[in-house]
$ cat target.cif   # mmCIF, C-alpha atoms
data_data
#
loop_
_atom_site.label_atom_id
_atom_site.label_comp_id
_atom_site.auth_asym_id
_atom_site.auth_seq_id
_atom_site.Cartn_x
_atom_site.Cartn_y
_atom_site.Cartn_z
CA MET A 1 -5.15 -35.55 -28.20
CA PRO A 2 -5.41 -31.78 -27.81
CA LYS A 3 -4.02 -30.21 -24.66
CA ILE A 4 -6.78 -29.50 -22.18
CA VAL A 5 -6.84 -25.85 -21.19
CA ASN A 6 -8.78 -24.64 -18.17
CA HIS A 7 -10.22 -21.43 -19.59
CA GLU A 8 -11.00 -19.81 -16.28
CA GLU A 9 -7.45 -20.42 -15.03
CA ARG A 10 -6.03 -19.06 -18.26
CA LYS A 11 -8.10 -15.89 -17.93
CA GLU A 12 -6.94 -15.40 -14.34
CA HIS A 13 -3.34 -15.95 -15.46
CA ILE A 14 -3.82 -13.16 -18.02
CA ALA A 15 -5.47 -10.86 -15.45
CA GLU A 16 -2.52 -11.39 -13.11
CA ALA A 17 -0.25 -10.28 -15.95
CA VAL A 18 -2.41 -7.12 -16.23
CA TRP A 19 -1.91 -6.54 -12.49
CA ARG A 20 1.88 -6.83 -12.82
CA VAL A 21 1.90 -4.32 -15.69
CA ILE A 22 -0.28 -1.90 -13.68
CA ARG A 23 1.95 -2.19 -10.62
CA LYS A 24 5.05 -1.53 -12.71
CA ASP A 25 3.80 1.20 -15.05
CA GLY A 26 0.32 2.21 -14.02
CA LEU A 27 -2.88 1.76 -15.97
CA ASP A 28 -1.52 3.81 -18.88
CA GLY A 29 1.10 1.11 -19.40
CA VAL A 30 -1.52 -1.54 -20.17
CA SER A 31 -1.85 -2.57 -23.81
CA VAL A 32 -2.99 -5.90 -25.22
CA ARG A 33 0.48 -6.51 -26.67
CA ARG A 34 2.28 -5.66 -23.43
CA VAL A 35 -0.02 -7.97 -21.44
CA ALA A 36 0.45 -10.82 -23.94
CA ASP A 37 4.25 -10.48 -23.49
CA GLU A 38 3.92 -10.37 -19.71
CA ALA A 39 1.66 -13.45 -19.72
CA GLY A 40 3.96 -15.32 -22.12
CA LEU A 41 1.20 -15.70 -24.72
CA SER A 42 0.86 -14.81 -28.38
CA LEU A 43 -1.33 -11.87 -29.27
CA GLY A 44 -3.73 -14.32 -30.93
CA ALA A 45 -3.99 -16.51 -27.83
CA LEU A 46 -4.74 -13.48 -25.69
CA ARG A 47 -7.34 -12.20 -28.16
CA TYR A 48 -9.07 -15.57 -27.93
CA TYR A 49 -9.93 -14.65 -24.33
CA PHE A 50 -10.14 -10.87 -24.50
CA ASP A 51 -11.19 -9.18 -27.68
CA ALA A 52 -10.46 -5.65 -26.57
CA GLN A 53 -8.53 -3.75 -23.93
CA ASP A 54 -11.63 -2.64 -22.03
CA GLU A 55 -12.78 -6.25 -21.52
CA LEU A 56 -9.31 -7.11 -20.28
CA LEU A 57 -9.35 -4.24 -17.78
CA ALA A 58 -12.89 -5.00 -16.62
CA TYR A 59 -12.04 -8.64 -15.97
CA SER A 60 -8.83 -7.67 -14.13
CA MET A 61 -10.65 -5.21 -11.89
CA ARG A 62 -13.49 -7.62 -11.11
CA LEU A 63 -11.00 -10.37 -10.31
CA ILE A 64 -9.83 -8.30 -7.32
CA SER A 65 -13.26 -8.27 -5.68
CA HIS A 66 -13.88 -11.85 -6.79
CA ARG A 67 -10.72 -13.06 -5.03
CA ALA A 68 -11.42 -11.05 -1.87
CA ASN A 69 -15.04 -12.30 -1.83
CA GLU A 70 -13.87 -15.86 -2.18
CA ARG A 71 -11.51 -15.53 0.78
CA ILE A 72 -14.31 -13.95 2.82
CA ARG A 73 -16.76 -16.71 1.87
CA ASN A 74 -14.23 -19.30 3.07
CA LEU A 75 -13.75 -17.72 6.50
CA PRO A 76 -14.88 -20.02 9.31
CA ASP A 77 -18.02 -18.76 11.03
CA THR A 78 -17.14 -18.43 14.69
CA GLY A 79 -20.61 -17.13 15.57
CA GLU A 80 -18.95 -14.07 17.13
CA PRO A 81 -20.04 -10.97 15.11
CA ARG A 82 -17.15 -8.72 16.12
CA GLU A 83 -14.53 -11.34 15.37
CA ARG A 84 -16.18 -12.00 12.01
CA ILE A 85 -16.06 -8.30 11.06
CA GLU A 86 -12.39 -8.11 12.01
CA ARG A 87 -11.58 -11.14 9.88
CA ILE A 88 -13.49 -9.79 6.89
CA ILE A 89 -11.78 -6.40 7.09
CA ALA A 90 -8.40 -8.13 7.42
CA GLU A 91 -9.06 -9.70 3.99
CA LEU A 92 -9.38 -6.19 2.50
CA LEU A 93 -6.25 -4.71 4.06
CA PRO A 94 -2.75 -4.99 2.50
CA LEU A 95 -1.49 -7.40 5.18
CA ASP A 96 0.50 -9.68 2.87
CA GLY A 97 1.92 -9.69 -0.64
CA VAL A 98 -1.29 -10.92 -2.29
CA ARG A 99 -3.52 -8.33 -0.62
CA THR A 100 -0.93 -5.58 -1.20
CA ALA A 101 -0.95 -6.37 -4.93
CA GLU A 102 -4.76 -6.25 -4.95
CA ALA A 103 -4.77 -2.94 -3.07
CA GLU A 104 -2.26 -1.35 -5.44
CA VAL A 105 -4.26 -2.39 -8.50
CA TRP A 106 -7.53 -1.23 -6.88
CA PHE A 107 -5.90 2.11 -6.13
CA ALA A 108 -4.67 2.52 -9.73
CA PHE A 109 -8.23 1.94 -10.97
CA VAL A 110 -9.73 4.43 -8.49
CA GLY A 111 -7.14 7.04 -9.49
CA LYS A 112 -7.95 6.59 -13.17
CA ALA A 113 -11.68 6.78 -12.38
CA LEU A 114 -11.36 10.58 -12.13
CA SER A 115 -10.47 11.08 -15.78
CA ASP A 116 -11.71 7.94 -17.58
CA PRO A 117 -15.50 7.32 -17.63
CA ALA A 118 -15.24 3.59 -18.48
CA ILE A 119 -12.78 2.95 -15.64
CA GLY A 120 -14.98 5.20 -13.50
CA ALA A 121 -17.99 2.94 -14.07
CA LEU A 122 -15.96 -0.16 -13.21
CA SER A 123 -14.47 1.35 -10.07
CA ARG A 124 -17.90 2.53 -8.96
CA GLU A 125 -19.17 -1.04 -9.31
CA VAL A 126 -16.45 -2.32 -6.97
CA HIS A 127 -16.93 0.67 -4.65
CA ASP A 128 -20.67 -0.11 -4.42
CA GLU A 129 -19.96 -3.78 -3.73
CA LEU A 130 -17.62 -2.73 -0.93
CA TYR A 131 -20.25 -0.37 0.50
CA GLU A 132 -22.73 -3.28 0.53
CA GLY A 133 -20.10 -5.47 2.18
CA PHE A 134 -19.49 -2.92 4.95
CA ARG A 135 -23.22 -2.37 5.28
CA SER A 136 -23.73 -6.09 5.87
CA MET A 137 -21.19 -5.85 8.71
CA VAL A 138 -22.86 -2.83 10.37
CA ASP A 139 -26.50 -3.99 10.02
CA PRO A 140 -26.20 -7.13 12.21
CA LEU A 141 -24.48 -5.06 14.93
CA VAL A 142 -27.58 -2.87 14.97
CA SER A 143 -30.16 -5.67 14.73
CA LEU A 144 -28.38 -7.77 17.37
CA LYS A 145 -28.21 -4.64 19.57
CA LEU A 146 -24.43 -4.92 19.84
CA ALA A 147 -23.95 -1.42 18.45
CA LYS A 148 -24.52 1.65 20.56
CA ASP A 149 -28.11 2.89 20.53
CA GLY A 150 -29.20 5.41 17.92
CA ILE A 151 -26.60 4.45 15.32
CA ASP A 152 -27.22 5.65 11.76
CA ALA A 153 -26.27 2.56 9.72
CA ASP A 154 -25.68 4.43 6.45
CA ARG A 155 -23.39 7.06 7.98
CA GLU A 156 -21.54 4.46 10.07
CA THR A 157 -21.05 2.30 6.97
CA LYS A 158 -19.65 5.27 5.05
CA ARG A 159 -17.38 6.11 7.98
CA LEU A 160 -16.05 2.55 8.23
CA HIS A 161 -15.61 2.30 4.44
CA ALA A 162 -13.70 5.62 4.31
CA LEU A 163 -11.53 4.61 7.26
CA VAL A 164 -10.58 1.26 5.71
CA ASP A 165 -9.84 2.79 2.29
CA GLY A 166 -7.79 5.54 3.99
CA LEU A 167 -5.78 2.92 5.87
CA VAL A 168 -5.21 0.94 2.66
CA LEU A 169 -4.06 4.11 0.91
CA HIS A 170 -1.68 5.12 3.73
CA ARG A 171 -0.17 1.67 4.01
CA ILE A 172 0.50 1.18 0.28
CA ALA A 173 1.67 4.75 -0.40
CA PHE A 174 3.65 5.34 2.83
CA PRO A 175 4.52 1.89 4.23
CA GLU A 176 7.23 3.37 6.47
CA ARG A 177 4.66 5.60 8.17
CA ILE A 178 2.18 2.96 9.34
CA ARG A 179 3.12 -0.55 10.35
CA SER A 180 1.15 -3.53 9.15
CA GLU A 181 0.11 -4.44 12.74
CA GLU A 182 -1.25 -0.94 13.30
CA LEU A 183 -3.91 -1.39 10.62
CA MET A 184 -5.93 -3.97 12.53
CA SER A 185 -5.29 -2.25 15.83
CA ILE A 186 -6.87 0.95 14.44
CA VAL A 187 -9.81 -1.03 13.02
CA SER A 188 -10.29 -2.60 16.45
CA LEU A 189 -10.25 0.84 18.10
CA HIS A 190 -12.88 1.90 15.60
CA LEU A 191 -15.13 -1.07 16.39
CA ASP A 192 -14.80 -0.18 20.09
CA SER A 193 -16.37 3.18 19.29
CA LEU A 194 -19.30 1.49 17.52
CA LEU A 195 -20.03 -1.25 20.04
CA LYS A 196 -21.63 -1.09 23.45
CA GLU A 197 -19.20 -1.42 26.37
CA PRO A 198 -19.97 -5.03 27.37
CA ASP A 199 -19.39 -6.24 23.82
CA ARG A 200 -15.90 -4.83 23.59
CA ARG A 201 -12.96 -7.09 24.10
CA MET B 202 10.34 51.59 -17.03
CA PRO B 203 10.34 47.78 -16.93
CA LYS B 204 7.13 46.03 -16.01
CA ILE B 205 7.15 45.03 -12.37
CA VAL B 206 6.60 41.31 -11.91
CA ASN B 207 5.64 39.81 -8.61
CA HIS B 208 7.79 36.68 -8.67
CA GLU B 209 5.84 34.79 -6.04
CA GLU B 210 2.56 35.43 -7.86
CA ARG B 211 4.14 34.36 -11.14
CA LYS B 212 5.34 31.10 -9.60
CA GLU B 213 1.88 30.40 -8.18
CA HIS B 214 0.36 31.14 -11.59
CA ILE B 215 2.71 28.54 -13.10
CA ALA B 216 1.93 26.00 -10.36
CA GLU B 217 -1.79 26.45 -11.02
CA ALA B 218 -1.10 25.63 -14.67
CA VAL B 219 0.64 22.44 -13.46
CA TRP B 220 -2.49 21.59 -11.44
CA ARG B 221 -4.71 22.03 -14.49
CA VAL B 222 -2.48 19.75 -16.57
CA ILE B 223 -2.48 17.11 -13.79
CA ARG B 224 -6.28 17.25 -13.47
CA LYS B 225 -6.70 16.85 -17.23
CA ASP B 226 -4.03 14.27 -18.01
CA GLY B 227 -2.49 13.06 -14.78
CA LEU B 228 1.07 13.55 -13.61
CA ASP B 229 2.44 11.77 -16.67
CA GLY B 230 1.02 14.60 -18.80
CA VAL B 231 3.22 17.20 -17.12
CA SER B 232 6.15 18.48 -19.18
CA VAL B 233 7.86 21.86 -18.97
CA ARG B 234 6.66 22.70 -22.49
CA ARG B 235 3.06 21.70 -21.80
CA VAL B 236 2.97 23.75 -18.60
CA ALA B 237 4.45 26.80 -20.36
CA ASP B 238 1.64 26.57 -22.97
CA GLU B 239 -0.99 26.16 -20.26
CA ALA B 240 0.39 29.14 -18.32
CA GLY B 241 0.65 31.28 -21.50
CA LEU B 242 4.40 31.74 -21.07
CA SER B 243 7.41 31.12 -23.27
CA LEU B 244 9.60 28.18 -22.39
CA GLY B 245 12.37 30.66 -21.51
CA ALA B 246 10.11 32.61 -19.13
CA LEU B 247 9.08 29.41 -17.40
CA ARG B 248 12.68 28.21 -17.12
CA TYR B 249 13.55 31.50 -15.41
CA TYR B 250 11.42 30.29 -12.49
CA PHE B 251 11.81 26.54 -12.73
CA ASP B 252 14.96 25.06 -14.12
CA ALA B 253 13.76 21.49 -14.22
CA GLN B 254 10.57 19.45 -14.10
CA ASP B 255 11.20 18.09 -10.60
CA GLU B 256 11.45 21.63 -9.15
CA LEU B 257 8.21 22.50 -10.89
CA LEU B 258 6.44 19.45 -9.43
CA ALA B 259 7.87 20.00 -5.95
CA TYR B 260 6.69 23.62 -5.90
CA SER B 261 3.23 22.62 -7.21
CA MET B 262 2.82 19.93 -4.55
CA ARG B 263 4.01 22.19 -1.72
CA LEU B 264 1.68 24.95 -2.87
CA ILE B 265 -1.27 22.70 -1.95
CA SER B 266 -0.28 22.44 1.70
CA HIS B 267 0.86 26.06 1.71
CA ARG B 268 -2.59 27.24 0.56
CA ALA B 269 -4.45 24.98 3.01
CA ASN B 270 -2.16 26.10 5.86
CA GLU B 271 -2.77 29.73 5.02
CA ARG B 272 -6.54 29.24 5.14
CA ILE B 273 -6.20 27.41 8.45
CA ARG B 274 -3.97 30.17 9.90
CA ASN B 275 -6.62 32.73 8.97
CA LEU B 276 -9.47 30.91 10.71
CA PRO B 277 -10.95 32.96 13.56
CA ASP B 278 -10.14 31.46 16.96
CA THR B 279 -13.48 30.88 18.65
CA GLY B 280 -11.82 29.39 21.76
CA GLU B 281 -13.99 26.28 21.29
CA PRO B 282 -11.65 23.32 20.55
CA ARG B 283 -14.21 21.09 18.87
CA GLU B 284 -15.43 23.85 16.57
CA ARG B 285 -11.84 24.71 15.70
CA ILE B 286 -11.10 21.10 14.71
CA GLU B 287 -14.20 20.97 12.53
CA ARG B 288 -13.22 24.18 10.77
CA ILE B 289 -9.67 23.00 10.17
CA ILE B 290 -10.81 19.65 8.75
CA ALA B 291 -13.33 21.47 6.53
CA GLU B 292 -10.37 23.27 4.91
CA LEU B 293 -8.90 19.88 3.93
CA LEU B 294 -12.09 18.39 2.47
CA PRO B 295 -13.22 18.92 -1.18
CA LEU B 296 -16.15 21.17 -0.20
CA ASP B 297 -15.77 23.68 -3.04
CA GLY B 298 -14.03 24.02 -6.40
CA VAL B 299 -10.73 25.23 -4.95
CA ARG B 300 -10.47 22.44 -2.37
CA THR B 301 -11.61 19.84 -4.92
CA ALA B 302 -8.80 20.91 -7.25
CA GLU B 303 -6.30 20.66 -4.40
CA ALA B 304 -7.61 17.21 -3.42
CA GLU B 305 -7.39 15.88 -6.98
CA VAL B 306 -3.81 17.09 -7.39
CA TRP B 307 -2.85 15.70 -3.95
CA PHE B 308 -4.38 12.37 -4.95
CA ALA B 309 -2.45 12.28 -8.25
CA PHE B 310 0.80 12.83 -6.33
CA VAL B 311 0.00 10.11 -3.76
CA GLY B 312 -0.85 7.68 -6.58
CA LYS B 313 2.44 8.37 -8.31
CA ALA B 314 4.30 7.98 -5.00
CA LEU B 315 4.03 4.19 -5.36
CA SER B 316 6.23 4.00 -8.45
CA ASP B 317 8.29 7.23 -8.45
CA PRO B 318 10.79 7.72 -5.58
CA ALA B 319 11.12 11.51 -6.05
CA ILE B 320 7.34 12.01 -6.01
CA GLY B 321 7.24 9.53 -3.12
CA ALA B 322 9.57 11.73 -1.04
CA LEU B 323 7.48 14.83 -1.79
CA SER B 324 4.18 13.13 -0.98
CA ARG B 325 5.64 11.75 2.24
CA GLU B 326 6.61 15.30 3.24
CA VAL B 327 3.01 16.49 2.81
CA HIS B 328 1.67 13.31 4.46
CA ASP B 329 3.92 13.95 7.50
CA GLU B 330 2.80 17.58 7.69
CA LEU B 331 -0.81 16.40 7.67
CA TYR B 332 -0.10 13.85 10.39
CA GLU B 333 1.41 16.65 12.52
CA GLY B 334 -1.64 18.81 11.77
CA PHE B 335 -4.05 16.08 12.91
CA ARG B 336 -1.82 15.37 15.91
CA SER B 337 -2.08 19.01 16.95
CA MET B 338 -5.88 18.64 16.88
CA VAL B 339 -5.92 15.45 18.98
CA ASP B 340 -3.31 16.51 21.59
CA PRO B 341 -5.28 19.48 23.03
CA LEU B 342 -8.39 17.27 23.33
CA VAL B 343 -6.32 14.97 25.54
CA SER B 344 -4.54 17.70 27.56
CA LEU B 345 -7.79 19.65 28.09
CA LYS B 346 -9.44 16.38 29.15
CA LEU B 347 -12.13 16.77 26.49
CA ALA B 348 -11.27 13.39 24.95
CA LYS B 349 -12.38 10.16 26.50
CA ASP B 350 -9.98 8.81 29.11
CA GLY B 351 -7.20 6.47 28.06
CA ILE B 352 -6.96 7.69 24.48
CA ASP B 353 -3.83 6.75 22.53
CA ALA B 354 -3.02 10.02 20.72
CA ASP B 355 -0.87 8.42 18.01
CA ARG B 356 -3.43 5.77 17.07
CA GLU B 357 -6.32 8.26 17.23
CA THR B 358 -4.37 10.66 15.01
CA LYS B 359 -3.72 7.91 12.47
CA ARG B 360 -7.38 6.92 12.60
CA LEU B 361 -8.59 10.49 12.02
CA HIS B 362 -6.01 11.04 9.26
CA ALA B 363 -7.05 7.82 7.46
CA LEU B 364 -10.73 8.68 7.82
CA VAL B 365 -10.30 12.17 6.35
CA ASP B 366 -8.14 10.92 3.45
CA GLY B 367 -10.67 8.13 2.79
CA LEU B 368 -13.50 10.67 2.69
CA VAL B 369 -11.52 12.91 0.33
CA LEU B 370 -10.83 9.91 -1.92
CA HIS B 371 -14.48 8.77 -1.96
CA ARG B 372 -15.80 12.25 -2.67
CA ILE B 373 -13.44 13.04 -5.54
CA ALA B 374 -13.57 9.57 -7.15
CA PHE B 375 -17.29 8.81 -6.58
CA PRO B 376 -19.03 12.18 -6.07
CA GLU B 377 -22.44 10.63 -6.79
CA ARG B 378 -21.96 8.18 -3.90
CA ILE B 379 -21.31 10.63 -1.06
CA ARG B 380 -22.82 14.09 -0.85
CA SER B 381 -20.72 17.08 0.08
CA GLU B 382 -22.79 17.68 3.28
CA GLU B 383 -22.21 14.10 4.40
CA LEU B 384 -18.46 14.66 4.70
CA MET B 385 -18.67 17.02 7.68
CA SER B 386 -21.53 15.06 9.19
CA ILE B 387 -19.32 11.93 9.25
CA VAL B 388 -16.40 13.91 10.69
CA SER B 389 -18.75 15.20 13.40
CA LEU B 390 -19.88 11.65 14.19
CA HIS B 391 -16.23 10.70 14.47
CA LEU B 392 -15.47 13.51 16.91
CA ASP B 393 -18.45 12.35 19.00
CA SER B 394 -16.70 9.01 19.41
CA LEU B 395 -13.51 10.73 20.60
CA LEU B 396 -15.03 13.24 23.01
CA LYS B 397 -16.55 12.75 26.43
CA GLU B 398 -20.34 12.95 26.54
CA PRO B 399 -20.69 16.46 28.04
CA ASP B 400 -18.47 17.95 25.36
CA ARG B 401 -20.55 16.67 22.47
CA ARG B 402 -22.96 18.97 20.77
#

$ encode --input "target.cif" --output "structure tokens"
Amino acid sequence: MPKIVNHEERKEHIAEAVWRVIRKDGLDGVSVRRVADEAGLSLGALRYYFDAQDELLAYSMRLISHRANERIRNLPDTGEPRERIERIIAELLPLDGVRTAEAEVWFAFVGKALSDPAIGALSREVHDELYEGFRSMVDPLVSLKLAKDGIDADRETKRLHALVDGLVLHRIAFPERIRSEELMSIVSLHLDSLLKEPDRR
Amino acid sequence: MPKIVNHEERKEHIAEAVWRVIRKDGLDGVSVRRVADEAGLSLGALRYYFDAQDELLAYSMRLISHRANERIRNLPDTGEPRERIERIIAELLPLDGVRTAEAEVWFAFVGKALSDPAIGALSREVHDELYEGFRSMVDPLVSLKLAKDGIDADRETKRLHALVDGLVLHRIAFPERIRSEELMSIVSLHLDSLLKEPDRR
């Protein structure tokens, strides 16, 4: 009887090998051969799943948002909008080894976006998804009248998005300059400035 | 009579060649030979100024903060603290070609900081200088009682610093997603949230 292979698991196993290569040597270090070695697979086995390097990179980048989205989808709904936003943002911050790995790989892709149009298109896709994610946090605050009056949802979304990406960047590049606990405390401060007084904690 | 060479100008000319190489090919593209070609100098002439690659990179990184500091030092003092802060932050944002070049090179260094300890130390130096710069914007707001009561200067400095770096990152990596004019408008929104009502514009 042939061994049963779960194809989706196998692809994720390969993408995780791509992540390890990126974290060690940057995106320029990624080659199909190098990834096959890292994943413990033959070149042929890897090519069965990914024909070319750009497919491999696209899958590896999308897996980051897929994983984060899955964690966010599984968050319990407490019915408390502010608490929900804090929990969602916590899933995007490098607060443990898994999220730190994701953040480092995300950052490598964004850095490469400047000079590589294909990587640029991929990173923009994830960037746009994140914007939509932040937008769907800000919009209910406005519609439920929890946010201060007169808030411009687009500008506030861009401000929150930039703040979170800046915090991610500072924490992964200069971990001795900002403690892990400070990240959520700064996000909380930020939400204070968005919300009406009685809705603050 | 020998030609008179302004050594400081020559070093800045070489550092600008380093910037161009970084913007084209990333930090991994920088070699002493490549920079000499880009600067239109012989290898010997370049080595007269920079003995080794790490000196060359250190000088090129420090030149970014040096240039920004010089622009900030030359800002007219209007006596209006909020306006002063906005003008200083504008010097750090990629609002024109010069500042965009600086931001891209800064970003390349920060990216490399994750995997290269020497670059990490350099980037941390510039990061710390920036923190001090933002701190010296927040502190007078507190001491002049322009900021809202009960502000935590360290956390507010880290929040402002992360926001500005996030905006820089978004603008240079995804210029079609955030317009140049939006950058200062978001910074202004942020200052609104720090300042007491009567001090807002």

$ atom_distance --input "target.cif" --atom1 "CA of Gly241 in chain B" --atom2 "CA of His214 in chain B"
9.9 Å

$ residues_around --input "target.cif" --residues "Arg263 in chain B" --least-positions-apart "5" --cutoff "9 Å" --atoms "only C-alpha atoms" --output "PyMOL selection string"
chain B and resi 258+268+323+326-327

$ closest_residue --input "target.cif" --among "A:Tyr49, A:Phe134, A:Trp19, A:Phe174" --to "chain B" --atoms "only C-alpha atoms"
A:Phe174

$ resolve_selection --input "target.cif" --expression "the PyMOL selection byres ((chain B) within 6 of (chain A))" --output "list in words"
Leu315, Ala363, Leu364, Asp366, Gly367, Leu368, Ala374 and Ser394 of chain B

$ atom_distance --input "target.cif" --atom1 "CA of Val236 in chain B" --atom2 "CA of Ala304 in chain B"
19.6 Å

$ closest_residue --input "target.cif" --among "B:Pro341, B:Asp252, B:Ile223, B:Glu330" --to "Gly280 in chain B" --atoms "only C-alpha atoms"
B:Pro341

$ residues_around --input "target.cif" --residues "Ser136 in chain A" --least-positions-apart "6" --cutoff "10 Å" --atoms "only C-alpha atoms" --output "ChimeraX atom specification"
/A:85,130,153,157

$ residues_around --input "target.cif" --residues "Arg87 in chain A" --least-positions-apart "4" --cutoff "9 Å" --atoms "all atoms listed in the file" --output "list in words"
Ile72, Leu75, Arg82, Glu83 and Glu91 of chain A

$ write_last_selection --input "target.cif" --atoms "C-alpha atoms" --output "mmCIF file, keeping the file's coordinate frame"
data_model
loop_
_atom_site.group_PDB
_atom_site.id
_atom_site.type_symbol
_atom_site.label_atom_id
_atom_site.label_comp_id
_atom_site.auth_asym_id
_atom_site.auth_seq_id
_atom_site.Cartn_x
_atom_site.Cartn_y
_atom_site.Cartn_z
ATOM 1 C CA ILE A 72 -14.310 -13.950 2.820
ATOM 2 C CA LEU A 75 -13.750 -17.720 6.500
ATOM 3 C CA ARG A 82 -17.150 -8.720 16.120
ATOM 4 C CA GLU A 83 -14.530 -11.340 15.370
ATOM 5 C CA GLU A 91 -9.060 -9.700 3.990
#

$ closest_residue --input "target.cif" --among "A:Leu63, A:Leu41, A:Ala101, A:Leu46" --to "Val21 in chain A" --atoms "only C-alpha atoms"
A:Ala101

$ resolve_selection --input "target.cif" --expression "the PyMOL selection byres ((chain B and resi 212) around 10)" --output "list of chain:residue names"
B:Asn207, B:His208, B:Glu209, B:Glu210, B:Arg211, B:Glu213, B:His214, B:Ile215, B:Ala216, B:Glu217, B:Ala218, B:Leu247, B:Tyr250, B:Phe251, B:Leu257, B:Tyr260, B:Ser261, B:Leu264

$ atom_distance --input "target.cif" --atom1 "CA of Ile205 in chain B" --atom2 "CA of Gln254 in chain B"
25.9 Å

$ closest_residue --input "target.cif" --among "A:Arg71, A:Glu102, A:Met184, A:Leu195" --to "Asp149 in chain A" --atoms "only C-alpha atoms"
A:Leu195
